[in-house]
Amino acid sequence: MQPVPIVPDSPVSFPVGETPFTIALPVFEGPLQLLLHLIESRQLDVLTVPLADVADAYVAHLARHPVDVVNLSEFVATAAQLIYLKSRRMLPTEPLPALTEAIDEPDEDELRRRLVEYRTLRDASIILGERDGSAPLIRREPRESDLPEAPTEPMTPTVLAVALERLAAIPEPASRPPEVVARELTIGQQITVLRQALSRGGRIVLQTILADCRSRTEAAVTFLATLELVRRREVGASQADPFGPIVIEALPHGRAG
Amino acid sequence: MTDAEAVEAAVDLDAYCEALLFIAERPLSSSEIGELAGVPRLQAEAALADLRERLDEDGRGIRLQHHDDAWQLVTAPQVGSRLAAYAAREVARISPAALEALAVVAYRQPCTRGDVERVRGVDSDYVIRSLLHRRLVIELGRRDTPGRPVLFGTTFTFLERFGLTSLDDLPPLSSEAAQLAALTSVVTDAVAVVDDA
C-alpha cells in the first residue's frame with residue numbers, strides 16, 4: 001500500500017480493503033482553540049489544570065500538524081508561554097520573581113482567564129449556531145407600493161438608444177484567450193507608453209489615452225503612471241475646467257523622450 | 001378622564017401602534033410613533049411594551065421585535081420555519097469562526113475588532129467583514145481611544161435570523177461570571193498558600 005499524504009481539512013481517500021474511506025482533520029484557527037481542545041480532549045478542568053501540563057502536547061501538535069498560517073505567530077507566542085510555565089515548574093526551588101520584575105513574563109492566570117473567556121463565547125457561538133435559521137422571525141416584505149416613485153421626467157427611446165450605443169462602443173476582446181491569465185501591467189510599462197505618446201507632439205490629452213485602455217486596470221495603471229511622471233517633474237498636468245480635458249505636457253528640463 | 005376612559009384610550013393607543021407597525025416598511029422609533037399618535041414618547045413606549053407582552057402571551061402569529069429603540073412586527077418563532085416555503089430566505093451557513101466572532105459582538109456590543117481578536121486569540125478581520133457583508137453586524141461609530149477603532153453591533157437581520165425578539169432574548173452565557181469568580185478564588189487560594197509557605 002502506498003503512503004497517503006494527509007492534508008488537514010481536505011478529505012483524503014484511504015484505500016483500506018475494498019472500500020476507501022475519507023477523513024478530515026480539524027485545523028485549529030488559533031492557540032486558544034488548540035489549547036482548549038487539548039485540555040477538553042483529556043477531560044481536564046480548565047479552571048484548575050496546570051497549563052504547563054499540556055505544554056508538551058501543544059508543542060507536539062504544533063510540530064506534527066499544520067496550523068492556520070495567518071495566526072502562526074500567535075501559536076508560537078503561546079507555545080513560548082507554555083514552555084516558560086513548564087520550565088518554572090521544573091525548578092521548584094527558584095523563588096518567584098518579584099511582581100514588578102515579572103511584568104512582561106507570561107502569566108498563567110491571565111492565559112487561563114483568556115481560555116475561560118474564549119470557552120464561554122465559543123459555547124455561546126455553538127448555541128447560536130444551533131438556533132441559526134431554525135425559527136427565524138420574518139418581517140414584512142416591502143410591497144411594490146413601498147418602492148420609491150418612478151422618475152416623473154418623461155423617458156424617450158432615444159435615451160435607451162444612446163445608452164446602448166455607449167455599451168456598443170466597448171470593443172469586444174480581440175480573441176478569447178485559451179485560459180484565464182492574469183494580465184500583468186506595470187506602472188513602468190505605462191510610463192514608456194506615455195513617454196512615447198509625448199515624444200510625438202510634446203502634449204497629450206489624458207482622456208484620449210485612457211479611452212484607448214482595454215480594461216479598468218489598464219486605465220488605473222496608466223493614471224498612476226501619469227501621476228508618477230508628474231511627481232518626477234517630467235510632465236506638467238493642467239485642466240482648464242472641471243471634467244474638462246486634462247492636458248499632459250512634457251516639461252522642458254524633464255527627461256521625457 | 002375616568003378610569004374606564006383611560007383604559008379605553010390605552011387600548012386604542014395599543015391598537016394604533018399595532019396598526020402603524022403593520023403598515024410600516026421599516027422599524028420605527030418610539031418617538032416617531034409617539035409623534036404620529038400625538039402622545040408623549042414615554043406613553044408610546046408603554047403602549048409598545050404592552051403590545052409586545054400581549055402578542056407574546058396570547059400566542060399570536062406575530063411578535064413585536066425591538067433593537068435599541070427601533071420597533072417592528074415580525075412573525076412568531078414557532079411558525080418561522082414553516083413560513084420558509086413562502087418567504088424564501090437565503091440560508092448560507094455561517095462558519096464556526098464567523099459564529100464565534102458574531103457571539104463576541106452580540107454579547108459584548110458595542111465592541112471593536114480588537115475586542116473580538118482578544119477573545120478569540122486570532123486575526124478576525126476576514127470573519128468580521130463577512131458578517132458585515134451579511135448584514136449581521138453593523139458599524140455603530142468609533143471608540144474614543146487612540147486609533148479611534150470602529151465599534152460594531154448586531155442588526156435586526158441578526159435578531160430575525162436567530163429567532164430573537166430582542167437582545168434580552170440572547171441565551172445566557174454559561175455562567176461566565178461564576179467561572180471567572182471561581183478562577184479568581186483559586187488564584188487567591190494559591191497565593192495564600194504561597195504566602196503561608
# chains A, B, ... in the order shown; residues from 1 in each chain; ligands from 1

call {"tool": "interface_residues", "arguments": {"of": "chain B", "to": "chain A", "cutoff": "7 Å", "atoms": "only C-alpha atoms", "output": "PyMOL selection string"}}
result
chain B and resi 25+73-78+80-81+99-100+103-104+119-123+160-163+173-174+176+183

call {"tool": "write_last_selection", "arguments": {"atoms": "N, CA and C atoms", "output": "tab-separated table (two decimals), in the first residue's frame"}}
result
chain	number	residue	atom	x	y	z
B	25	GLU	N	-42.91	50.13	6.61
B	25	GLU	CA	-42.00	49.33	5.79
B	25	GLU	C	-40.60	49.33	6.38
B	73	LEU	N	-42.80	44.73	13.60
B	73	LEU	CA	-43.57	43.50	13.74
B	73	LEU	C	-42.89	42.41	12.92
B	74	VAL	N	-42.78	41.23	13.49
B	74	VAL	CA	-42.21	40.08	12.78
B	74	VAL	C	-43.09	38.87	13.07
B	75	THR	N	-42.84	37.79	12.33
B	75	THR	CA	-43.61	36.57	12.58
B	75	THR	C	-43.09	35.92	13.86
B	76	ALA	N	-43.93	35.08	14.48
B	76	ALA	CA	-43.56	34.43	15.73
B	76	ALA	C	-42.56	33.30	15.45
B	77	PRO	N	-41.67	33.01	16.43
B	77	PRO	CA	-40.66	31.98	16.19
B	77	PRO	C	-41.25	30.62	15.85
B	78	GLN	N	-42.39	30.26	16.48
B	78	GLN	CA	-42.89	28.89	16.28
B	78	GLN	C	-43.43	28.64	14.88
B	80	GLY	N	-41.96	30.32	12.16
B	80	GLY	CA	-40.92	30.76	11.22
B	80	GLY	C	-40.49	29.72	10.21
B	81	SER	N	-40.17	28.51	10.72
B	81	SER	CA	-39.62	27.51	9.80
B	81	SER	C	-40.65	27.09	8.76
B	99	LEU	N	-19.19	32.47	13.47
B	99	LEU	CA	-20.14	32.39	14.58
B	99	LEU	C	-19.49	32.85	15.88
B	100	GLU	N	-18.22	32.46	16.08
B	100	GLU	CA	-17.50	32.89	17.28
B	100	GLU	C	-17.42	34.41	17.34
B	103	ALA	N	-20.73	35.86	18.09
B	103	ALA	CA	-21.10	35.73	19.50
B	103	ALA	C	-20.42	36.82	20.32
B	104	VAL	N	-19.14	37.09	20.03
B	104	VAL	CA	-18.44	38.13	20.79
B	104	VAL	C	-19.13	39.48	20.58
B	119	VAL	N	-10.52	38.13	22.45
B	119	VAL	CA	-11.23	36.96	22.99
B	119	VAL	C	-10.86	35.70	22.21
B	120	ARG	N	-10.81	35.80	20.88
B	120	ARG	CA	-10.61	34.61	20.06
B	120	ARG	C	-9.12	34.26	19.95
B	121	GLY	N	-8.26	35.25	20.18
B	121	GLY	CA	-6.83	34.99	20.09
B	121	GLY	C	-6.32	34.85	18.67
B	122	VAL	N	-7.14	35.24	17.70
B	122	VAL	CA	-6.72	35.13	16.30
B	122	VAL	C	-7.21	36.33	15.51
B	123	ASP	N	-6.56	36.55	14.39
B	123	ASP	CA	-6.94	37.60	13.46
B	123	ASP	C	-8.40	37.38	13.03
B	160	GLU	N	-33.53	38.55	13.63
B	160	GLU	CA	-34.50	37.77	12.85
B	160	GLU	C	-33.99	36.37	12.56
B	161	ARG	N	-32.73	36.31	12.11
B	161	ARG	CA	-32.17	35.03	11.71
B	161	ARG	C	-32.07	34.05	12.89
B	162	PHE	N	-31.77	34.59	14.08
B	162	PHE	CA	-31.58	33.72	15.24
B	162	PHE	C	-32.83	33.64	16.11
B	163	GLY	N	-33.94	34.16	15.58
B	163	GLY	CA	-35.23	34.00	16.26
B	163	GLY	C	-35.33	34.72	17.60
B	173	LEU	N	-25.01	33.50	28.93
B	173	LEU	CA	-23.68	32.89	28.83
B	173	LEU	C	-23.54	31.85	29.92
B	174	SER	N	-22.80	30.78	29.63
B	174	SER	CA	-22.69	29.68	30.59
B	174	SER	C	-21.93	30.15	31.83
B	176	GLU	N	-20.46	32.64	32.96
B	176	GLU	CA	-19.09	33.15	32.82
B	176	GLU	C	-18.61	33.84	34.09
B	183	LEU	N	-12.29	31.19	39.35
B	183	LEU	CA	-10.90	31.28	38.94
B	183	LEU	C	-10.14	32.22	39.86

call {"tool": "residues_around", "arguments": {"residues": "segment 7-15 of chain B", "least_positions_apart": "6", "cutoff": "7 Å", "atoms": "only C-alpha atoms", "output": "VMD selection string"}}
result
chain B and resid 47 to 48 51

call {"tool": "residues_around", "arguments": {"residues": "Leu210 of chain A", "least_positions_apart": "3", "cutoff": "9 Å", "atoms": "only C-alpha atoms", "output": "short mmCIF file (atom, residue, chain, number, x, y, z; two decimals) with C-alpha atoms, in the first residue's frame"}}
result
data_model
loop_
_atom_site.label_atom_id
_atom_site.label_comp_id
_atom_site.auth_asym_id
_atom_site.auth_seq_id
_atom_site.Cartn_x
_atom_site.Cartn_y
_atom_site.Cartn_z
CA LEU A 206 -5.04 62.22 -20.79
CA GLN A 207 -8.63 61.25 -21.56
CA CYS A 213 -7.31 51.41 -22.48
CA ARG A 214 -8.89 47.99 -22.78
CA GLU A 218 -5.07 49.34 -17.58
CA ALA A 219 -6.76 52.73 -17.17
CA ALA A 220 -5.91 52.79 -13.47
CA THR A 222 -1.99 54.47 -16.81
CA PHE A 223 -3.40 57.07 -14.48
#

call {"tool": "select_by_dssp", "arguments": {"residues": "segment 34-92 of chain B", "states": "strand (DSSP E or B)", "output": "PDB file with N, CA and C atoms, in the first residue's frame"}}
result
ATOM      1  N   ILE B  62     -47.716  36.807  15.338  1.00  0.00           N
ATOM      2  CA  ILE B  62     -46.713  37.855  15.161  1.00  0.00           C
ATOM      3  C   ILE B  62     -46.162  38.280  16.513  1.00  0.00           C
ATOM      4  N   ARG B  63     -44.982  38.860  16.473  1.00  0.00           N
ATOM      5  CA  ARG B  63     -44.323  39.358  17.673  1.00  0.00           C
ATOM      6  C   ARG B  63     -43.838  40.777  17.404  1.00  0.00           C
ATOM      7  N   LEU B  64     -43.657  41.514  18.484  1.00  0.00           N
ATOM      8  CA  LEU B  64     -43.076  42.847  18.374  1.00  0.00           C
ATOM      9  C   LEU B  64     -41.593  42.724  18.719  1.00  0.00           C
ATOM     10  N   GLN B  65     -40.748  43.076  17.747  1.00  0.00           N
ATOM     11  CA  GLN B  65     -39.300  42.932  17.936  1.00  0.00           C
ATOM     12  C   GLN B  65     -38.701  44.311  18.130  1.00  0.00           C
ATOM     13  N   HIS B  66     -37.697  44.423  19.011  1.00  0.00           N
ATOM     14  CA  HIS B  66     -37.038  45.725  19.114  1.00  0.00           C
ATOM     15  C   HIS B  66     -35.537  45.582  19.252  1.00  0.00           C
ATOM     16  N   HIS B  67     -34.850  46.569  18.708  1.00  0.00           N
ATOM     17  CA  HIS B  67     -33.394  46.628  18.787  1.00  0.00           C
ATOM     18  C   HIS B  67     -33.078  48.070  19.125  1.00  0.00           C
ATOM     19  N   ALA B  70     -35.695  50.792  18.137  1.00  0.00           N
ATOM     20  CA  ALA B  70     -36.362  50.625  16.845  1.00  0.00           C
ATOM     21  C   ALA B  70     -37.273  49.413  16.966  1.00  0.00           C
ATOM     22  N   TRP B  71     -38.522  49.584  16.520  1.00  0.00           N
ATOM     23  CA  TRP B  71     -39.530  48.537  16.731  1.00  0.00           C
ATOM     24  C   TRP B  71     -40.099  48.074  15.411  1.00  0.00           C
ATOM     25  N   GLN B  72     -40.341  46.765  15.290  1.00  0.00           N
ATOM     26  CA  GLN B  72     -41.004  46.276  14.090  1.00  0.00           C
ATOM     27  C   GLN B  72     -41.784  44.994  14.411  1.00  0.00           C
ATOM     28  N   LEU B  73     -42.800  44.735  13.597  1.00  0.00           N
ATOM     29  CA  LEU B  73     -43.570  43.497  13.739  1.00  0.00           C
ATOM     30  C   LEU B  73     -42.890  42.413  12.916  1.00  0.00           C
ATOM     31  N   VAL B  74     -42.778  41.230  13.493  1.00  0.00           N
ATOM     32  CA  VAL B  74     -42.212  40.084  12.782  1.00  0.00           C
ATOM     33  C   VAL B  74     -43.086  38.869  13.073  1.00  0.00           C
ATOM     34  N   THR B  75     -42.839  37.788  12.327  1.00  0.00           N
ATOM     35  CA  THR B  75     -43.607  36.568  12.581  1.00  0.00           C
ATOM     36  C   THR B  75     -43.090  35.916  13.858  1.00  0.00           C
TER      37      THR B  75
END

call {"tool": "residues_around", "arguments": {"residues": "Leu20 of chain B", "least_positions_apart": "4", "cutoff": "8 Å", "atoms": "only C-alpha atoms", "output": "ChimeraX atom specification"}}
result
/B:16,24,33

call {"tool": "residues_around", "arguments": {"residues": "segment 131-134 of chain B", "least_positions_apart": "4", "cutoff": "9 Å", "atoms": "only C-alpha atoms", "output": "PyMOL selection string"}}
result
chain B and resi 94+98-99+101-102+126-127+138-139+157

call {"tool": "write_last_selection", "arguments": {"atoms": "N, CA, C and O atoms", "output": "PDB file, in the first residue's frame"}}
result
ATOM      1  N   ILE B  94     -23.201  29.830   8.305  1.00  0.00           N
ATOM      2  CA  ILE B  94     -22.188  30.706   8.888  1.00  0.00           C
ATOM      3  C   ILE B  94     -21.094  29.795   9.435  1.00  0.00           C
ATOM      4  O   ILE B  94     -21.389  28.844  10.164  1.00  0.00           O
ATOM      5  N   ALA B  98     -16.832  32.439  12.050  1.00  0.00           N
ATOM      6  CA  ALA B  98     -17.665  33.639  11.970  1.00  0.00           C
ATOM      7  C   ALA B  98     -18.686  33.652  13.100  1.00  0.00           C
ATOM      8  O   ALA B  98     -19.008  34.712  13.649  1.00  0.00           O
ATOM      9  N   LEU B  99     -19.187  32.465  13.469  1.00  0.00           N
ATOM     10  CA  LEU B  99     -20.139  32.391  14.583  1.00  0.00           C
ATOM     11  C   LEU B  99     -19.492  32.847  15.884  1.00  0.00           C
ATOM     12  O   LEU B  99     -20.112  33.531  16.695  1.00  0.00           O
ATOM     13  N   ALA B 101     -17.014  34.986  16.198  1.00  0.00           N
ATOM     14  CA  ALA B 101     -16.894  36.447  16.152  1.00  0.00           C
ATOM     15  C   ALA B 101     -18.258  37.092  16.380  1.00  0.00           C
ATOM     16  O   ALA B 101     -18.376  38.083  17.105  1.00  0.00           O
ATOM     17  N   LEU B 102     -19.289  36.493  15.787  1.00  0.00           N
ATOM     18  CA  LEU B 102     -20.644  37.024  15.943  1.00  0.00           C
ATOM     19  C   LEU B 102     -21.081  36.964  17.406  1.00  0.00           C
ATOM     20  O   LEU B 102     -21.699  37.905  17.922  1.00  0.00           O
ATOM     21  N   TYR B 126     -11.191  39.044   8.489  1.00  0.00           N
ATOM     22  CA  TYR B 126     -11.984  38.444   7.418  1.00  0.00           C
ATOM     23  C   TYR B 126     -13.392  38.066   7.892  1.00  0.00           C
ATOM     24  O   TYR B 126     -14.380  38.376   7.233  1.00  0.00           O
ATOM     25  N   VAL B 127     -13.471  37.427   9.069  1.00  0.00           N
ATOM     26  CA  VAL B 127     -14.793  36.980   9.525  1.00  0.00           C
ATOM     27  C   VAL B 127     -15.696  38.171   9.830  1.00  0.00           C
ATOM     28  O   VAL B 127     -16.896  38.126   9.551  1.00  0.00           O
ATOM     29  N   ILE B 138     -23.080  45.608  12.175  1.00  0.00           N
ATOM     30  CA  ILE B 138     -23.051  46.906  11.516  1.00  0.00           C
ATOM     31  C   ILE B 138     -22.105  47.812  12.292  1.00  0.00           C
ATOM     32  O   ILE B 138     -21.880  47.597  13.485  1.00  0.00           O
ATOM     33  N   GLU B 139     -21.539  48.790  11.612  1.00  0.00           N
ATOM     34  CA  GLU B 139     -20.684  49.766  12.292  1.00  0.00           C
ATOM     35  C   GLU B 139     -21.572  50.734  13.055  1.00  0.00           C
ATOM     36  O   GLU B 139     -22.510  51.280  12.500  1.00  0.00           O
ATOM     37  N   THR B 157     -31.326  42.029  11.229  1.00  0.00           N
ATOM     38  CA  THR B 157     -31.138  40.782  10.471  1.00  0.00           C
ATOM     39  C   THR B 157     -30.627  39.680  11.394  1.00  0.00           C
ATOM     40  O   THR B 157     -31.062  38.530  11.308  1.00  0.00           O
TER      41      THR B 157
END

call {"tool": "closest_residue", "arguments": {"among": "B:Thr165, B:Gly153, B:Gly141, B:Thr2", "to": "Val116 of chain B", "atoms": "only C-alpha atoms"}}
result
B:Gly153

call {"tool": "residues_around", "arguments": {"residues": "His61 of chain A", "least_positions_apart": "2", "cutoff": "12 Å", "atoms": "only C-alpha atoms", "output": "PDB file with C-alpha atoms, in the first residue's frame"}}
result
ATOM      1  CA  PRO A  26      -9.587  19.767  12.021  1.00  0.00           C
ATOM      2  CA  VAL A  27      -7.301  22.728  11.540  1.00  0.00           C
ATOM      3  CA  PHE A  28      -7.040  24.875  14.621  1.00  0.00           C
ATOM      4  CA  PRO A  31      -3.814  28.940  20.022  1.00  0.00           C
ATOM      5  CA  LEU A  34      -5.982  24.328  20.223  1.00  0.00           C
ATOM      6  CA  LEU A  35      -5.173  24.682  23.922  1.00  0.00           C
ATOM      7  CA  HIS A  37      -9.103  21.223  22.625  1.00  0.00           C
ATOM      8  CA  LEU A  38      -6.064  19.624  24.283  1.00  0.00           C
ATOM      9  CA  VAL A  54      -0.368  20.485  28.291  1.00  0.00           C
ATOM     10  CA  ALA A  55       2.780  22.258  27.077  1.00  0.00           C
ATOM     11  CA  ASP A  56       4.255  19.060  25.598  1.00  0.00           C
ATOM     12  CA  ALA A  57       1.041  18.130  23.837  1.00  0.00           C
ATOM     13  CA  TYR A  58       0.720  21.647  22.486  1.00  0.00           C
ATOM     14  CA  VAL A  59       4.255  21.759  21.108  1.00  0.00           C
ATOM     15  CA  ALA A  63       5.256  20.191  15.235  1.00  0.00           C
ATOM     16  CA  ARG A  64       3.114  17.498  13.633  1.00  0.00           C
ATOM     17  CA  HIS A  65       0.142  19.335  12.212  1.00  0.00           C
ATOM     18  CA  PRO A  66      -0.120  22.424  10.089  1.00  0.00           C
ATOM     19  CA  VAL A  67      -1.997  25.326  11.609  1.00  0.00           C
ATOM     20  CA  PHE A  75       0.582  29.880  18.062  1.00  0.00           C
ATOM     21  CA  VAL A  76       4.301  30.327  18.587  1.00  0.00           C
ATOM     22  CA  ALA A  79       3.996  27.855  22.797  1.00  0.00           C
TER      23      ALA A  79
END

call {"tool": "residues_around", "arguments": {"residues": "Thr155 of chain B", "least_positions_apart": "2", "cutoff": "6 Å", "atoms": "only C-alpha atoms", "output": "number ranges by chain"}}
result
B: 136-137, 157-158

call {"tool": "atom_distance", "arguments": {"atom1": "atom CA of Ile187 of chain A", "atom2": "atom CA of Glu228 of chain A"}}
result
8.3 Å

call {"tool": "select_by_dssp", "arguments": {"residues": "segment 28-63 of chain B", "states": "helix (DSSP H, G or I)", "output": "VMD selection string"}}
result
chain B and resid 30 to 37 41 to 57
